[in-house]
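Notes to accompany the following structure.
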Amino acid sequence: MTISHPRLLTLADVEQAAQVIAQAFAETPFMMHMYPLKRTRLTTLVKFFRIYAEKAISHNRGFGLGEPLQGAAFWKFPEQPPLSPGRRSWRKFLPLLLTAYPIGYLRTRSIMKRIRALHVKHAASEPHFYLDYVGVIPSARGQGLSSALIRPFLRLADERKVFTYLETMNKVNLTLYEHFGFHCVEQSPVHGTDITVYAFKRPFRSR
């Protein structure tokens, strides 16, 4: 496919975005730890990311490539406040209580706590771009879509002279992020799990 600039997603893209991110993350260490049962993992992830994508897209944080959607990224810009669930979002979470989500949430509480602590330690006190999720459907991997969903925002960070921050728990991604100029500022094993959280920062580059 011809790669273009990522477009801002709209609420009409919520379902496709949920499918893309769920497929992209279904076999990652964090999601396999959260939902060990493969049979129900993908369907549970789609339901979760449907809620997340609607919230993020409504706040102009979702970007995508392809028609139909083949890759998506969710970025927080320096001037944007953290997403907080409103009453409507909480109501939409209720159906998740009938899935594997509650058990998965309990299994990953210590990991999520570590992620938040690392963000506070390494990034929260200064303006920065934050990459929350980036993913490509399996059939579209190797075509440069991840790069196209990351590089434009790194250029924006350079223009604004702010750093970029992300976390990953997937060792496969370490060299990818290093390729984009990120440096691992801390790797933090989570006690009682086989998960290590890697915190990455990329300083802005002067042009």
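Within each chain, counting starts at residue 1; across the structure tokens, chains are named A, B, ... in the order shown, with ligands numbered 1 upward in that order.
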_Who sits within 9 Å of region 167-172 of chain A, only C-alpha atoms, same chain under 4 positions skipped, as number ranges by chain_ = A: 28-30, 115, 118-119, 131-132, 176, 195-201
Could you save the residues just selected, with N, CA and C atoms, as a PDB file, in the first residue's frame?
```
ATOM      1  N   THR A  28       1.026 -10.038  22.913  1.00  0.00           N
ATOM      2  CA  THR A  28       2.112  -9.383  23.637  1.00  0.00           C
ATOM      3  C   THR A  28       2.183  -9.913  25.068  1.00  0.00           C
ATOM      4  N   PRO A  29       3.359  -9.831  25.707  1.00  0.00           N
ATOM      5  CA  PRO A  29       3.505 -10.387  27.060  1.00  0.00           C
ATOM      6  C   PRO A  29       2.486  -9.850  28.059  1.00  0.00           C
ATOM      7  N   PHE A  30       2.222  -8.547  28.019  1.00  0.00           N
ATOM      8  CA  PHE A  30       1.285  -7.966  28.978  1.00  0.00           C
ATOM      9  C   PHE A  30      -0.111  -8.534  28.802  1.00  0.00           C
ATOM     10  N   ILE A 115       3.704   1.113  35.887  1.00  0.00           N
ATOM     11  CA  ILE A 115       3.687   1.984  34.710  1.00  0.00           C
ATOM     12  C   ILE A 115       3.426   3.428  35.121  1.00  0.00           C
ATOM     13  N   LEU A 118       6.503   4.924  36.923  1.00  0.00           N
ATOM     14  CA  LEU A 118       7.595   5.255  36.009  1.00  0.00           C
ATOM     15  C   LEU A 118       7.287   6.533  35.234  1.00  0.00           C
ATOM     16  N   HIS A 119       6.044   6.692  34.853  1.00  0.00           N
ATOM     17  CA  HIS A 119       5.662   7.911  34.130  1.00  0.00           C
ATOM     18  C   HIS A 119       5.837   9.137  35.015  1.00  0.00           C
ATOM     19  N   LEU A 131       3.252   8.357  23.784  1.00  0.00           N
ATOM     20  CA  LEU A 131       2.685   7.333  22.911  1.00  0.00           C
ATOM     21  C   LEU A 131       2.012   6.284  23.779  1.00  0.00           C
ATOM     22  N   ASP A 132       0.693   6.262  23.735  1.00  0.00           N
ATOM     23  CA  ASP A 132      -0.069   5.333  24.560  1.00  0.00           C
ATOM     24  C   ASP A 132      -0.134   3.956  23.904  1.00  0.00           C
ATOM     25  N   LEU A 176      13.182  -1.416  17.991  1.00  0.00           N
ATOM     26  CA  LEU A 176      12.345  -0.529  17.176  1.00  0.00           C
ATOM     27  C   LEU A 176      12.377   0.885  17.730  1.00  0.00           C
ATOM     28  N   ILE A 195       6.837 -10.012  33.896  1.00  0.00           N
ATOM     29  CA  ILE A 195       6.770  -8.776  33.118  1.00  0.00           C
ATOM     30  C   ILE A 195       7.845  -7.794  33.573  1.00  0.00           C
ATOM     31  N   THR A 196       8.527  -7.196  32.610  1.00  0.00           N
ATOM     32  CA  THR A 196       9.429  -6.076  32.853  1.00  0.00           C
ATOM     33  C   THR A 196       8.909  -4.873  32.083  1.00  0.00           C
ATOM     34  N   VAL A 197       8.799  -3.753  32.773  1.00  0.00           N
ATOM     35  CA  VAL A 197       8.353  -2.518  32.128  1.00  0.00           C
ATOM     36  C   VAL A 197       9.589  -1.715  31.730  1.00  0.00           C
ATOM     37  N   TYR A 198       9.661  -1.353  30.461  1.00  0.00           N
ATOM     38  CA  TYR A 198      10.763  -0.549  29.941  1.00  0.00           C
ATOM     39  C   TYR A 198      10.254   0.863  29.680  1.00  0.00           C
ATOM     40  N   ALA A 199      10.879   1.834  30.347  1.00  0.00           N
ATOM     41  CA  ALA A 199      10.514   3.236  30.150  1.00  0.00           C
ATOM     42  C   ALA A 199      11.486   3.863  29.155  1.00  0.00           C
ATOM     43  N   PHE A 200      10.942   4.502  28.126  1.00  0.00           N
ATOM     44  CA  PHE A 200      11.757   5.081  27.063  1.00  0.00           C
ATOM     45  C   PHE A 200      11.495   6.575  26.933  1.00  0.00           C
ATOM     46  N   LYS A 201      12.589   7.329  26.722  1.00  0.00           N
ATOM     47  CA  LYS A 201      12.472   8.757  26.427  1.00  0.00           C
ATOM     48  C   LYS A 201      13.271   9.071  25.161  1.00  0.00           C
TER      49      LYS A 201
END
```
Can you pull out the residues contacting region 39-53 of chain A? Cut-off 6 Å, using only C-alpha atoms, and skip same-chain residues under 3 positions away; I want them as a PDB file with C-alpha atoms, in the first residue's frame.
```pdb
ATOM      1  CA  VAL A  14     -13.912   3.475  16.691  1.00  0.00           C
ATOM      2  CA  ALA A  18     -10.509  -1.265  18.447  1.00  0.00           C
ATOM      3  CA  GLN A  19     -10.036  -4.236  16.130  1.00  0.00           C
ATOM      4  CA  ALA A  22      -6.700  -5.592  19.870  1.00  0.00           C
ATOM      5  CA  TYR A  35      -5.726 -12.867  29.751  1.00  0.00           C
ATOM      6  CA  ALA A  56      -9.424   8.870  23.030  1.00  0.00           C
ATOM      7  CA  ILE A  57     -10.796   9.679  19.578  1.00  0.00           C
TER       8      ILE A  57
END
```
_Rounded to one decimal, what separation in Å do you get between CA of Ile137 (chain A) and CA of Gly71 (chain A)?_
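Going from CA of Ile137 (chain A) over to CA of Gly71 (chain A) covers 6.4 Å.
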*Hey, what does DSSP flag as helix (DSSP H, G or I) within region 16-177 of chain A? Can you give it to me as a PyMOL selection string?*
chain A and resi 16-25+29-34+38-58+87-98+101-107+109-122+138-140+145-160+171-177
*asked:* Based on the backbone DSSP call, show me all residues of region 102-178 of chain A assigned strand (DSSP E), as a list in words.
replied: His128, Phe129, Tyr130, Leu131, Asp132, Tyr133, Val134, Gly135, Val136, Phe163, Thr164, Tyr165, Leu166, Glu167 and Thr168 of chain A
Filtering to N, CA and C atoms, could you give me those residues as a PDB file, in the first residue's frame?
```pdb
ATOM      1  N   HIS A 128       5.411  16.907  27.364  1.00  0.00           N
ATOM      2  CA  HIS A 128       5.974  15.864  26.503  1.00  0.00           C
ATOM      3  C   HIS A 128       4.879  15.239  25.652  1.00  0.00           C
ATOM      4  N   PHE A 129       5.297  14.618  24.579  1.00  0.00           N
ATOM      5  CA  PHE A 129       4.409  13.757  23.806  1.00  0.00           C
ATOM      6  C   PHE A 129       4.461  12.366  24.421  1.00  0.00           C
ATOM      7  N   TYR A 130       3.299  11.716  24.486  1.00  0.00           N
ATOM      8  CA  TYR A 130       3.228  10.384  25.092  1.00  0.00           C
ATOM      9  C   TYR A 130       2.552   9.428  24.120  1.00  0.00           C
ATOM     10  N   LEU A 131       3.252   8.357  23.784  1.00  0.00           N
ATOM     11  CA  LEU A 131       2.685   7.333  22.911  1.00  0.00           C
ATOM     12  C   LEU A 131       2.012   6.284  23.779  1.00  0.00           C
ATOM     13  N   ASP A 132       0.693   6.262  23.735  1.00  0.00           N
ATOM     14  CA  ASP A 132      -0.069   5.333  24.560  1.00  0.00           C
ATOM     15  C   ASP A 132      -0.134   3.956  23.904  1.00  0.00           C
ATOM     16  N   TYR A 133      -0.585   3.919  22.654  1.00  0.00           N
ATOM     17  CA  TYR A 133      -0.641   2.661  21.902  1.00  0.00           C
ATOM     18  C   TYR A 133      -0.287   2.928  20.447  1.00  0.00           C
ATOM     19  N   VAL A 134       0.417   2.001  19.835  1.00  0.00           N
ATOM     20  CA  VAL A 134       0.587   1.993  18.390  1.00  0.00           C
ATOM     21  C   VAL A 134       0.533   0.540  17.951  1.00  0.00           C
ATOM     22  N   GLY A 135      -0.230   0.266  16.909  1.00  0.00           N
ATOM     23  CA  GLY A 135      -0.368  -1.119  16.472  1.00  0.00           C
ATOM     24  C   GLY A 135      -0.778  -1.218  15.018  1.00  0.00           C
ATOM     25  N   VAL A 136      -0.399  -2.340  14.420  1.00  0.00           N
ATOM     26  CA  VAL A 136      -0.702  -2.629  13.020  1.00  0.00           C
ATOM     27  C   VAL A 136      -1.279  -4.036  12.960  1.00  0.00           C
ATOM     28  N   PHE A 163      10.352  16.485  24.815  1.00  0.00           N
ATOM     29  CA  PHE A 163      10.721  15.082  24.656  1.00  0.00           C
ATOM     30  C   PHE A 163       9.483  14.223  24.428  1.00  0.00           C
ATOM     31  N   THR A 164       9.726  12.985  24.064  1.00  0.00           N
ATOM     32  CA  THR A 164       8.663  12.009  23.838  1.00  0.00           C
ATOM     33  C   THR A 164       8.894  10.835  24.779  1.00  0.00           C
ATOM     34  N   TYR A 165       7.809  10.284  25.308  1.00  0.00           N
ATOM     35  CA  TYR A 165       7.914   9.225  26.314  1.00  0.00           C
ATOM     36  C   TYR A 165       6.962   8.090  25.970  1.00  0.00           C
ATOM     37  N   LEU A 166       7.373   6.877  26.325  1.00  0.00           N
ATOM     38  CA  LEU A 166       6.509   5.704  26.176  1.00  0.00           C
ATOM     39  C   LEU A 166       6.990   4.608  27.107  1.00  0.00           C
ATOM     40  N   GLU A 167       6.120   3.627  27.314  1.00  0.00           N
ATOM     41  CA  GLU A 167       6.524   2.404  28.004  1.00  0.00           C
ATOM     42  C   GLU A 167       6.209   1.217  27.095  1.00  0.00           C
ATOM     43  N   THR A 168       6.988   0.158  27.246  1.00  0.00           N
ATOM     44  CA  THR A 168       6.680  -1.094  26.570  1.00  0.00           C
ATOM     45  C   THR A 168       7.030  -2.245  27.495  1.00  0.00           C
TER      46      THR A 168
END
```
*Expressed in Å to a single decimal, how great is the separation between CA of Arg202 (chain A) and CA of Phe182 (chain A)?*
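Here the two named atoms are 4.2 Å from each other.
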*From A:Pro78, A:Pro36, A:Ala72, A:His59, residue lying nearest Gln16 (chain A) [only C-alpha atoms]*: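 Closest to Gln16 (chain A) of all the choices is A:Ala72.
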*Leaving out His5 (chain A) and any residue of its chain fewer than 5 positions from it, which residues lie within 9 Å of it when counting only C-alpha atoms, given as a list in words?*
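After dropping sequence-adjacent residues, the list is Gly64, Leu65, Ala148, Leu149 and Pro152 of chain A.
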*So which one's closest to Pro81 (chain A), A:Ile103, A:Ala124, A:Leu98, A:Met31? Using only C-alpha atoms, please.*
A:Ala124
*asked:* I'd like to know which of A:Asn60, A:Gln70, A:Ser206, A:Thr193 is closest to Pro138 (chain A), using only C-alpha atoms.
replied: A:Gln70
*Do you have the CA of Leu8 (chain A)-CA of Glu178 (chain A) distance handy?*
25.8 Å
